[in-house]
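target.txt (compact mmCIF, C-alpha atoms and all ligand atoms) appears below.
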```
# COMPACT_ATOMS: atom_id res chain seq x y z
CA MET A 1 0.00 0.00 0.00
CA SER A 2 1.39 3.41 -0.86
CA ASP A 3 2.19 5.91 1.85
CA LEU A 4 0.18 9.11 1.42
CA ARG A 5 1.08 10.69 4.76
CA PRO A 6 1.78 14.39 4.23
CA ILE A 7 4.47 16.69 5.52
CA LEU A 8 2.79 19.18 7.84
CA PHE A 9 4.01 22.79 7.83
CA PHE A 10 3.01 24.98 10.73
CA ASP A 11 3.16 28.75 11.31
CA SER A 12 1.01 31.47 12.86
CA GLY A 13 0.22 32.75 9.37
CA VAL A 14 1.57 32.59 5.82
CA GLY A 15 5.25 32.93 6.77
CA GLY A 16 5.89 29.22 6.52
CA LEU A 17 5.33 29.44 2.77
CA SER A 18 8.92 30.70 2.56
CA VAL A 19 10.06 27.33 3.92
CA LEU A 20 7.54 25.28 1.98
CA ALA A 21 8.71 26.64 -1.40
CA PRO A 22 12.30 25.30 -1.29
CA THR A 23 11.04 22.06 0.27
CA ARG A 24 8.58 21.50 -2.51
CA ALA A 25 11.29 22.23 -5.08
CA LEU A 26 13.28 19.32 -3.62
CA LEU A 27 10.30 17.06 -2.90
CA PRO A 28 7.60 17.72 -5.52
CA GLN A 29 6.24 14.21 -5.06
CA ALA A 30 5.28 14.81 -1.41
CA SER A 31 1.84 15.81 -0.12
CA TYR A 32 1.65 18.90 2.06
CA VAL A 33 -0.69 20.25 4.71
CA TYR A 34 -0.04 23.89 5.50
CA ALA A 35 -1.53 24.83 8.88
CA ALA A 36 -1.79 28.49 9.91
CA ASP A 37 -2.76 29.29 13.49
CA SER A 38 -4.85 32.30 12.58
CA ALA A 39 -6.56 32.16 16.00
CA GLY A 40 -3.17 32.63 17.67
CA TYR A 41 -1.68 35.13 15.18
CA PRO A 42 0.51 37.05 15.76
CA TYR A 43 2.94 35.01 17.83
CA GLY A 44 5.67 37.63 17.95
CA THR A 45 3.94 39.86 20.46
CA ARG A 46 2.92 37.00 22.77
CA SER A 47 4.72 35.90 25.91
CA GLU A 48 6.97 32.86 26.11
CA ALA A 49 4.40 31.22 28.41
CA GLU A 50 1.60 31.67 25.88
CA ILE A 51 3.64 30.20 23.02
CA ALA A 52 4.93 27.35 25.17
CA ALA A 53 1.38 26.42 26.19
CA ARG A 54 -0.24 26.84 22.80
CA VAL A 55 2.11 25.33 20.23
CA PRO A 56 2.68 21.78 21.57
CA ALA A 57 -1.05 21.33 22.24
CA LEU A 58 -2.07 22.56 18.81
CA LEU A 59 0.55 20.45 17.04
CA GLY A 60 -0.72 17.44 18.98
CA ARG A 61 -4.20 18.04 17.57
CA LEU A 62 -2.86 18.59 14.06
CA ALA A 63 -0.78 15.41 14.22
CA GLU A 64 -3.83 13.37 15.25
CA ARG A 65 -5.95 14.82 12.51
CA TYR A 66 -3.56 14.72 9.55
CA ARG A 67 -1.20 11.89 10.57
CA PRO A 68 1.87 13.56 9.03
CA ARG A 69 5.15 11.72 8.51
CA LEU A 70 7.05 14.80 9.65
CA ILE A 71 6.21 18.22 11.07
CA VAL A 72 8.00 21.43 10.14
CA ILE A 73 7.60 24.26 12.62
CA ALA A 74 8.04 26.93 9.94
CA CYS A 75 8.13 29.72 12.50
CA ASN A 76 11.16 31.08 14.33
CA THR A 77 9.11 32.34 17.27
CA ALA A 78 7.51 28.96 17.95
CA SER A 79 10.75 27.06 17.29
CA THR A 80 13.02 29.14 19.52
CA ILE A 81 10.51 28.83 22.39
CA ALA A 82 8.73 25.49 22.03
CA LEU A 83 10.82 23.09 19.92
CA PRO A 84 12.04 20.88 22.82
CA ALA A 85 8.51 20.62 24.28
CA VAL A 86 7.03 19.66 20.89
CA ARG A 87 9.72 17.02 20.35
CA ALA A 88 9.07 15.60 23.81
CA ALA A 89 5.32 15.44 23.22
CA LEU A 90 5.18 13.93 19.73
CA ASP A 91 6.62 10.70 18.46
CA LEU A 92 7.55 11.82 14.94
CA PRO A 93 10.35 13.87 13.38
CA ILE A 94 10.02 17.59 14.09
CA VAL A 95 12.09 20.08 12.08
CA GLY A 96 12.34 23.59 13.49
CA THR A 97 13.27 26.96 12.02
CA VAL A 98 15.90 28.99 13.86
CA PRO A 99 17.72 32.19 12.86
CA ALA A 100 20.36 31.58 10.17
CA ILE A 101 23.14 33.32 12.12
CA LYS A 102 25.81 30.80 11.14
CA PRO A 103 25.56 31.35 7.34
CA ALA A 104 25.23 35.10 7.93
CA ALA A 105 28.49 35.17 9.88
CA ALA A 106 30.18 33.23 7.09
CA LEU A 107 29.09 35.87 4.56
CA SER A 108 29.66 39.11 6.43
CA GLY A 109 32.63 41.19 5.33
CA THR A 110 32.03 44.02 7.82
CA ARG A 111 31.48 41.52 10.68
CA THR A 112 28.22 43.32 11.48
CA ILE A 113 25.06 41.27 11.10
CA GLY A 114 21.43 42.31 11.47
CA VAL A 115 18.89 39.88 12.91
CA LEU A 116 15.38 40.82 11.90
CA GLY A 117 12.71 38.78 13.65
CA THR A 118 9.70 39.12 15.88
CA ASP A 119 9.97 40.80 19.27
CA ALA A 120 9.65 37.38 20.91
CA THR A 121 12.37 35.77 18.77
CA VAL A 122 15.03 38.45 19.09
CA ARG A 123 14.91 38.33 22.90
CA GLN A 124 15.35 34.53 23.11
CA PRO A 125 18.43 33.05 24.85
CA TYR A 126 18.48 30.68 21.86
CA VAL A 127 19.57 33.65 19.72
CA ASP A 128 22.26 34.65 22.26
CA ASP A 129 23.53 31.10 22.06
CA LEU A 130 23.63 31.05 18.23
CA ALA A 131 25.45 34.40 18.21
CA ALA A 132 28.01 33.19 20.77
CA ARG A 133 28.62 29.92 18.95
CA PHE A 134 28.70 31.05 15.34
CA ALA A 135 29.27 34.80 15.26
CA SER A 136 31.49 35.53 18.24
CA ASP A 137 33.68 37.87 16.17
CA CYS A 138 30.67 39.77 14.77
CA ARG A 139 28.53 42.55 16.11
CA VAL A 140 25.01 41.10 16.06
CA LEU A 141 22.32 43.81 16.01
CA ARG A 142 18.72 42.72 16.53
CA HIS A 143 15.36 44.21 15.77
CA GLY A 144 11.86 42.85 16.33
CA SER A 145 9.08 44.07 14.08
CA ALA A 146 5.44 43.07 14.37
CA GLU A 147 4.68 45.64 11.65
CA LEU A 148 6.79 43.75 9.14
CA VAL A 149 4.91 40.52 9.85
CA ASP A 150 1.67 42.35 9.10
CA LEU A 151 3.11 43.90 5.93
CA ALA A 152 4.05 40.43 4.67
CA GLU A 153 0.53 39.13 5.38
CA ARG A 154 -0.87 42.12 3.50
CA GLU A 155 1.44 41.51 0.53
CA LEU A 156 0.13 37.92 0.26
CA ARG A 157 -3.44 39.18 0.43
CA GLY A 158 -2.72 41.32 -2.61
CA GLU A 159 -2.76 44.55 -0.57
CA PRO A 160 0.89 45.64 -0.82
CA ALA A 161 1.98 48.47 1.48
CA THR A 162 4.11 51.46 0.48
CA ASP A 163 7.91 51.55 0.51
CA ALA A 164 7.64 54.08 3.33
CA ALA A 165 5.82 51.51 5.48
CA PHE A 166 8.56 48.93 4.85
CA ALA A 167 11.29 51.50 5.55
CA ALA A 168 9.62 52.45 8.85
CA ALA A 169 9.33 48.79 9.88
CA VAL A 170 13.10 48.22 9.56
CA ALA A 171 14.36 51.66 10.64
CA GLY A 172 14.98 50.35 14.15
CA LEU A 173 17.57 47.91 12.81
CA PHE A 174 19.67 50.26 10.71
CA GLY A 175 19.23 53.21 13.09
CA GLN A 176 21.07 51.45 15.92
CA PRO A 177 24.69 52.38 16.67
CA GLY A 178 26.72 50.43 14.11
CA GLY A 179 23.64 49.78 11.98
CA ASP A 180 25.22 51.50 8.98
CA ALA A 181 27.87 48.73 8.91
CA ILE A 182 25.38 45.87 8.54
CA ASP A 183 26.09 43.97 5.32
CA VAL A 184 24.08 40.78 5.98
CA VAL A 185 20.57 40.57 7.41
CA VAL A 186 19.16 37.34 8.82
CA ASN A 187 15.48 37.09 8.02
CA ALA A 188 14.72 35.47 11.39
CA CYS A 189 10.99 35.37 10.87
CA THR A 190 9.60 33.17 8.12
CA HIS A 191 7.31 35.96 6.96
CA PHE A 192 10.21 38.18 5.93
CA PRO A 193 11.67 36.24 2.96
CA LEU A 194 8.22 36.67 1.37
CA VAL A 195 8.94 40.41 1.19
CA ALA A 196 12.73 40.33 0.79
CA HIS A 197 12.38 42.20 -2.53
CA ARG A 198 10.56 45.02 -0.71
CA LEU A 199 13.21 45.10 2.02
CA ALA A 200 16.04 45.25 -0.51
CA THR A 201 14.40 48.27 -2.14
CA VAL A 202 14.18 50.30 1.07
CA ALA A 203 17.45 49.21 2.71
CA PRO A 204 19.75 52.18 3.34
CA GLN A 205 22.80 50.23 2.11
CA PRO A 206 23.50 47.20 -0.11
CA LEU A 207 22.72 44.03 1.80
CA ARG A 208 22.56 40.29 1.51
CA PHE A 209 19.64 38.51 3.11
CA VAL A 210 19.83 34.99 4.47
CA ASP A 211 17.22 32.66 5.90
CA GLY A 212 16.92 29.02 6.85
CA GLY A 213 14.58 27.86 4.07
CA GLU A 214 17.04 26.05 1.81
CA GLY A 215 18.81 24.33 4.70
CA ILE A 216 15.52 23.16 6.17
CA ALA A 217 14.46 21.78 2.79
CA ARG A 218 17.68 19.76 2.58
CA ARG A 219 17.16 18.48 6.12
CA ILE A 220 13.63 17.32 5.28
CA ALA A 221 14.86 15.59 2.13
CA TYR A 222 17.53 13.85 4.20
CA LEU A 223 15.09 12.74 6.90
CA THR A 224 12.64 11.34 4.35
CA GLN A 225 15.07 9.82 1.87
CA GLY A 226 14.01 6.46 0.53
CA GLN A 227 10.40 6.91 1.64
CA ASP A 228 7.41 6.03 -0.50
CA TRP A 229 5.26 9.06 -1.42
CA GLY A 230 2.37 7.45 -3.25
CA ASP A 231 1.49 8.73 -6.70
CA ALA A 232 -0.98 11.52 -5.89
CA ALA A 233 0.89 14.51 -4.45
CA ALA A 234 -1.67 16.81 -2.86
CA GLY A 235 -1.69 20.08 -0.99
CA ARG A 236 -4.10 21.92 1.26
CA ALA A 237 -4.15 24.86 3.64
CA VAL A 238 -6.00 24.84 6.95
CA PHE A 239 -6.58 27.62 9.47
CA THR A 240 -7.54 27.65 13.15
CA CYS A 241 -10.19 30.35 12.66
CA ASP A 242 -11.55 32.58 9.94
CA ASP A 243 -10.38 36.04 10.93
CA GLY A 244 -12.07 37.46 7.84
CA ARG A 245 -8.86 37.39 5.81
CA ILE A 246 -8.83 33.86 4.44
CA ALA A 247 -10.76 34.74 1.30
CA ALA A 248 -8.14 37.36 0.41
CA LEU A 249 -5.29 34.93 1.06
CA ALA A 250 -6.87 32.04 -0.81
CA PRO A 251 -5.63 33.04 -4.31
CA ALA A 252 -1.97 33.21 -3.15
CA LEU A 253 -2.38 29.83 -1.45
CA ALA A 254 -4.10 28.30 -4.49
CA ARG A 255 -1.22 29.50 -6.70
CA ARG A 256 1.05 27.47 -4.42
CA GLY A 257 -1.11 24.37 -4.78
CA LEU A 258 -2.73 24.81 -1.37
CA PRO A 259 -6.48 25.15 -1.66
CA VAL A 260 -8.03 26.19 1.65
CA THR A 261 -9.96 23.15 2.79
CA GLU A 262 -10.92 23.56 6.41
CA LEU A 263 -11.04 25.37 9.70
CA LEU A 264 -9.98 23.49 12.79
N1 LIG B 1 6.39 33.64 11.06
C1 LIG B 1 6.67 33.67 12.44
C2 LIG B 1 8.16 33.58 12.74
O1 LIG B 1 8.91 33.02 11.98
C3 LIG B 1 5.93 34.56 13.40
C4 LIG B 1 5.08 35.68 12.93
C5 LIG B 1 4.12 36.15 14.03
O2 LIG B 1 3.08 35.51 14.18
O3 LIG B 1 4.46 37.11 14.76
O4 LIG B 1 8.61 34.01 13.76
```
Full structure transcribed into structure tokens:
Amino acid sequence: MSDLRPILFFDSGVGGLSVLAPTRALLPQASYVYAADSAGYPYGTRSEAEIAARVPALLGRLAERYRPRLIVIACNTASTIALPAVRAALDLPIVGTVPAIKPAAALSGTRTIGVLGTDATVRQPYVDDLAARFASDCRVLRHGSAELVDLAERELRGEPATDAAFAAAVAGLFGQPGGDAIDVVVNACTHFPLVAHRLATVAPQPLRFVDGGEGIARRIAYLTQGQDWGDAAAGRAVFTCDDGRIAALAPALARRGLPVTELL
């Protein structure tokens, strides 16, 4: 019997699409469930306790319902706070998304790196640890922006914001002491690669952007190598509530082969 179990991607919103795209490029034969916790969105302004309580429980429900072969927490906020608890609770492979500080340090000529994430992510000890391990000779400047998460959601809804709105959302990164020396920015929120072209336009200096998407895709391919995928690759998007915005997002999801099929 062929194995139709999907890979389940999870985020608060549409950010995880930036991780799904490179994964699908490597594994087009796989089936995908994309789950967005619209009832919990946004994660980045929540407390650690809220994320730690919400994410493992919700992923438990999603795992029971969709029986995935592997779960991708395509969200830096949820991963940097709740990854160990999710792994302890679920008996299947869990791949997380954490800030790509190591590749950024390898690329930086000025040894000044920007980490652009959510407020919750940039204050995590996990980020201190990555900076100490992989970028100890770099200045690592951080900025959390809930506005930028919203701008990315808007972009996917086909309601793009102005350049001025993008510039304002990242001003707190480049305006810090030493910010004018940043030459590599880590997109440490999965929403941000979706608007990297907008960020490049408004950046005050030439920059390279890095994120974890390609590395995560390779990790998933490695963890699933040799597996049977069946012969009917399918995709669907599911949400935890209808916040009134699903209809506007549906075309972008459908273009990615993810028809919206249900509310949890
Ligand atoms: N996409 C998420 C991340 O990578 C979080 C966005 C949010 O809900 O604040 O951190």
Problem set entry | Environment of ligand LIG 1 (chain B) within 7 Å, counting all atoms listed in the file, reported as a list in words | Asp11, Ser12, Gly13, Gly15, Gly16, Tyr41, Pro42, Tyr43, Gly44, Thr45, Ala74, Cys75, Asn76, Thr77, Ala78, Gly117, Thr118, Thr121, Ala146, Val149, Ala188, Cys189, Thr190 and His191 of chain A
Write a file of the just-selected residues containing C-alpha atoms, as a PDB file, keeping the file's coordinate frame.
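Heads up, here's the output in part-v6.pdb:
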```pdb
ATOM      1  CA  ASP A  11       3.160  28.750  11.310  1.00  0.00           C
ATOM      2  CA  SER A  12       1.010  31.470  12.860  1.00  0.00           C
ATOM      3  CA  GLY A  13       0.220  32.750   9.370  1.00  0.00           C
ATOM      4  CA  GLY A  15       5.250  32.930   6.770  1.00  0.00           C
ATOM      5  CA  GLY A  16       5.890  29.220   6.520  1.00  0.00           C
ATOM      6  CA  TYR A  41      -1.680  35.130  15.180  1.00  0.00           C
ATOM      7  CA  PRO A  42       0.510  37.050  15.760  1.00  0.00           C
ATOM      8  CA  TYR A  43       2.940  35.010  17.830  1.00  0.00           C
ATOM      9  CA  GLY A  44       5.670  37.630  17.950  1.00  0.00           C
ATOM     10  CA  THR A  45       3.940  39.860  20.460  1.00  0.00           C
ATOM     11  CA  ALA A  74       8.040  26.930   9.940  1.00  0.00           C
ATOM     12  CA  CYS A  75       8.130  29.720  12.500  1.00  0.00           C
ATOM     13  CA  ASN A  76      11.160  31.080  14.330  1.00  0.00           C
ATOM     14  CA  THR A  77       9.110  32.340  17.270  1.00  0.00           C
ATOM     15  CA  ALA A  78       7.510  28.960  17.950  1.00  0.00           C
ATOM     16  CA  GLY A 117      12.710  38.780  13.650  1.00  0.00           C
ATOM     17  CA  THR A 118       9.700  39.120  15.880  1.00  0.00           C
ATOM     18  CA  THR A 121      12.370  35.770  18.770  1.00  0.00           C
ATOM     19  CA  ALA A 146       5.440  43.070  14.370  1.00  0.00           C
ATOM     20  CA  VAL A 149       4.910  40.520   9.850  1.00  0.00           C
ATOM     21  CA  ALA A 188      14.720  35.470  11.390  1.00  0.00           C
ATOM     22  CA  CYS A 189      10.990  35.370  10.870  1.00  0.00           C
ATOM     23  CA  THR A 190       9.600  33.170   8.120  1.00  0.00           C
ATOM     24  CA  HIS A 191       7.310  35.960   6.960  1.00  0.00           C
TER      25      HIS A 191
END
```
Set up a box along x, y and z of the file covering all listed atoms of region 249-263 of chain A, add 8 Å on every one of the six sides, and write the centre and edge lengths in Å to one decimal, as lines of an AutoDock Vina configuration file.
```
center_x = -5.0
center_y = 29.0
center_z = 1.5
size_x = 28.1
size_y = 27.8
size_z = 32.4
```
Ala35 (chain A) environment, 7 Å, all atoms listed in the file, sequence neighbours closer than 6 positions dropped, as an mmCIF file with C-alpha atoms, in the coordinates of the input:
```
data_model
loop_
_atom_site.group_PDB
_atom_site.id
_atom_site.type_symbol
_atom_site.label_atom_id
_atom_site.label_comp_id
_atom_site.auth_asym_id
_atom_site.auth_seq_id
_atom_site.Cartn_x
_atom_site.Cartn_y
_atom_site.Cartn_z
ATOM 1 C CA PHE A 9 4.010 22.790 7.830
ATOM 2 C CA PHE A 10 3.010 24.980 10.730
ATOM 3 C CA ASP A 11 3.160 28.750 11.310
ATOM 4 C CA ALA A 237 -4.150 24.860 3.640
ATOM 5 C CA VAL A 238 -6.000 24.840 6.950
ATOM 6 C CA PHE A 239 -6.580 27.620 9.470
#
```
Exercise. So how many Å separate CA of Pro68 (chain A) and CA of Arg5 (chain A), to one decimal?
Worked result: 5.2 Å
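The residue set within 12 Å of Ala53 (chain A), counting only C-alpha atoms and dropping same-chain residues fewer than 6 places from it, reads A:Gly40, A:Arg46, A:Ser47, A:Leu59, A:Gly60, A:Ala78, A:Ile81, A:Ala82, A:Leu83, A:Ala85, A:Val86.
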For this session: Please tell me which residues are no farther than 8 Å from (33.7, 40.0, 13.8) in the file, counting only C-alpha atoms, and write them as a ChimeraX atom specification.
Result: /A:110-112,135-139
For this session: Show me as a ChimeraX atom specification the residues that reach within 12 Å of (29.0, 36.7, 6.2), counting all atoms listed in the file and using the file's own coordinates.
Result: /A:100-114,134-135,137-140,182-186,207-210
Is there a way to complete region 76-94 of chain A with N, CA, C and O atoms and then write that out as an mmCIF file, in the frame of the given file?
```cif
data_model
loop_
_atom_site.group_PDB
_atom_site.id
_atom_site.type_symbol
_atom_site.label_atom_id
_atom_site.label_comp_id
_atom_site.auth_asym_id
_atom_site.auth_seq_id
_atom_site.Cartn_x
_atom_site.Cartn_y
_atom_site.Cartn_z
ATOM 1 N N ASN A 76 10.038 30.895 13.395
ATOM 2 C CA ASN A 76 11.160 31.080 14.330
ATOM 3 C C ASN A 76 10.690 31.295 15.745
ATOM 4 O O ASN A 76 11.317 30.825 16.699
ATOM 5 N N THR A 77 9.590 32.037 15.914
ATOM 6 C CA THR A 77 9.110 32.340 17.270
ATOM 7 C C THR A 77 8.740 31.048 17.982
ATOM 8 O O THR A 77 9.185 30.788 19.108
ATOM 9 N N ALA A 78 7.930 30.225 17.334
ATOM 10 C CA ALA A 78 7.510 28.960 17.950
ATOM 11 C C ALA A 78 8.701 28.031 18.148
ATOM 12 O O ALA A 78 8.808 27.355 19.181
ATOM 13 N N SER A 79 9.618 27.996 17.189
ATOM 14 C CA SER A 79 10.750 27.060 17.290
ATOM 15 C C SER A 79 11.702 27.454 18.409
ATOM 16 O O SER A 79 12.152 26.590 19.177
ATOM 17 N N THR A 80 12.026 28.750 18.506
ATOM 18 C CA THR A 80 13.020 29.140 19.520
ATOM 19 C C THR A 80 12.453 29.014 20.927
ATOM 20 O O THR A 80 13.194 28.956 21.899
ATOM 21 N N ILE A 81 11.123 28.949 21.054
ATOM 22 C CA ILE A 81 10.510 28.830 22.390
ATOM 23 C C ILE A 81 10.058 27.402 22.686
ATOM 24 O O ILE A 81 10.252 26.898 23.789
ATOM 25 N N ALA A 82 9.469 26.723 21.703
ATOM 26 C CA ALA A 82 8.730 25.490 22.030
ATOM 27 C C ALA A 82 9.261 24.213 21.386
ATOM 28 O O ALA A 82 8.674 23.144 21.591
ATOM 29 N N LEU A 83 10.357 24.289 20.639
ATOM 30 C CA LEU A 83 10.820 23.090 19.920
ATOM 31 C C LEU A 83 11.083 21.894 20.848
ATOM 32 O O LEU A 83 10.592 20.788 20.577
ATOM 33 N N PRO A 84 11.801 22.049 21.960
ATOM 34 C CA PRO A 84 12.040 20.880 22.820
ATOM 35 C C PRO A 84 10.739 20.278 23.360
ATOM 36 O O PRO A 84 10.602 19.058 23.422
ATOM 37 N N ALA A 85 9.781 21.134 23.729
ATOM 38 C CA ALA A 85 8.510 20.620 24.280
ATOM 39 C C ALA A 85 7.723 19.872 23.209
ATOM 40 O O ALA A 85 7.098 18.835 23.495
ATOM 41 N N VAL A 86 7.748 20.355 21.966
ATOM 42 C CA VAL A 86 7.030 19.660 20.890
ATOM 43 C C VAL A 86 7.684 18.305 20.632
ATOM 44 O O VAL A 86 7.010 17.279 20.504
ATOM 45 N N ARG A 87 9.012 18.292 20.606
ATOM 46 C CA ARG A 87 9.720 17.020 20.350
ATOM 47 C C ARG A 87 9.432 16.015 21.464
ATOM 48 O O ARG A 87 9.287 14.819 21.208
ATOM 49 N N ALA A 88 9.331 16.518 22.694
ATOM 50 C CA ALA A 88 9.070 15.600 23.810
ATOM 51 C C ALA A 88 7.658 15.045 23.744
ATOM 52 O O ALA A 88 7.400 13.921 24.167
ATOM 53 N N ALA A 89 6.734 15.843 23.194
ATOM 54 C CA ALA A 89 5.320 15.440 23.220
ATOM 55 C C ALA A 89 4.929 14.541 22.054
ATOM 56 O O ALA A 89 3.977 13.769 22.165
ATOM 57 N N LEU A 90 5.630 14.636 20.934
ATOM 58 C CA LEU A 90 5.180 13.930 19.730
ATOM 59 C C LEU A 90 6.214 12.918 19.259
ATOM 60 O O LEU A 90 7.408 13.229 19.201
ATOM 61 N N ASP A 91 5.718 11.775 18.865
ATOM 62 C CA ASP A 91 6.620 10.700 18.460
ATOM 63 C C ASP A 91 6.771 10.682 16.945
ATOM 64 O O ASP A 91 6.425 9.707 16.297
ATOM 65 N N LEU A 92 7.235 11.793 16.369
ATOM 66 C CA LEU A 92 7.550 11.820 14.940
ATOM 67 C C LEU A 92 8.591 12.905 14.712
ATOM 68 O O LEU A 92 8.794 13.754 15.586
ATOM 69 N N PRO A 93 9.278 12.884 13.568
ATOM 70 C CA PRO A 93 10.350 13.870 13.380
ATOM 71 C C PRO A 93 9.787 15.291 13.319
ATOM 72 O O PRO A 93 8.793 15.546 12.643
ATOM 73 N N ILE A 94 10.434 16.186 14.059
ATOM 74 C CA ILE A 94 10.020 17.590 14.090
ATOM 75 C C ILE A 94 11.225 18.416 13.627
ATOM 76 O O ILE A 94 12.305 18.333 14.223
#
```
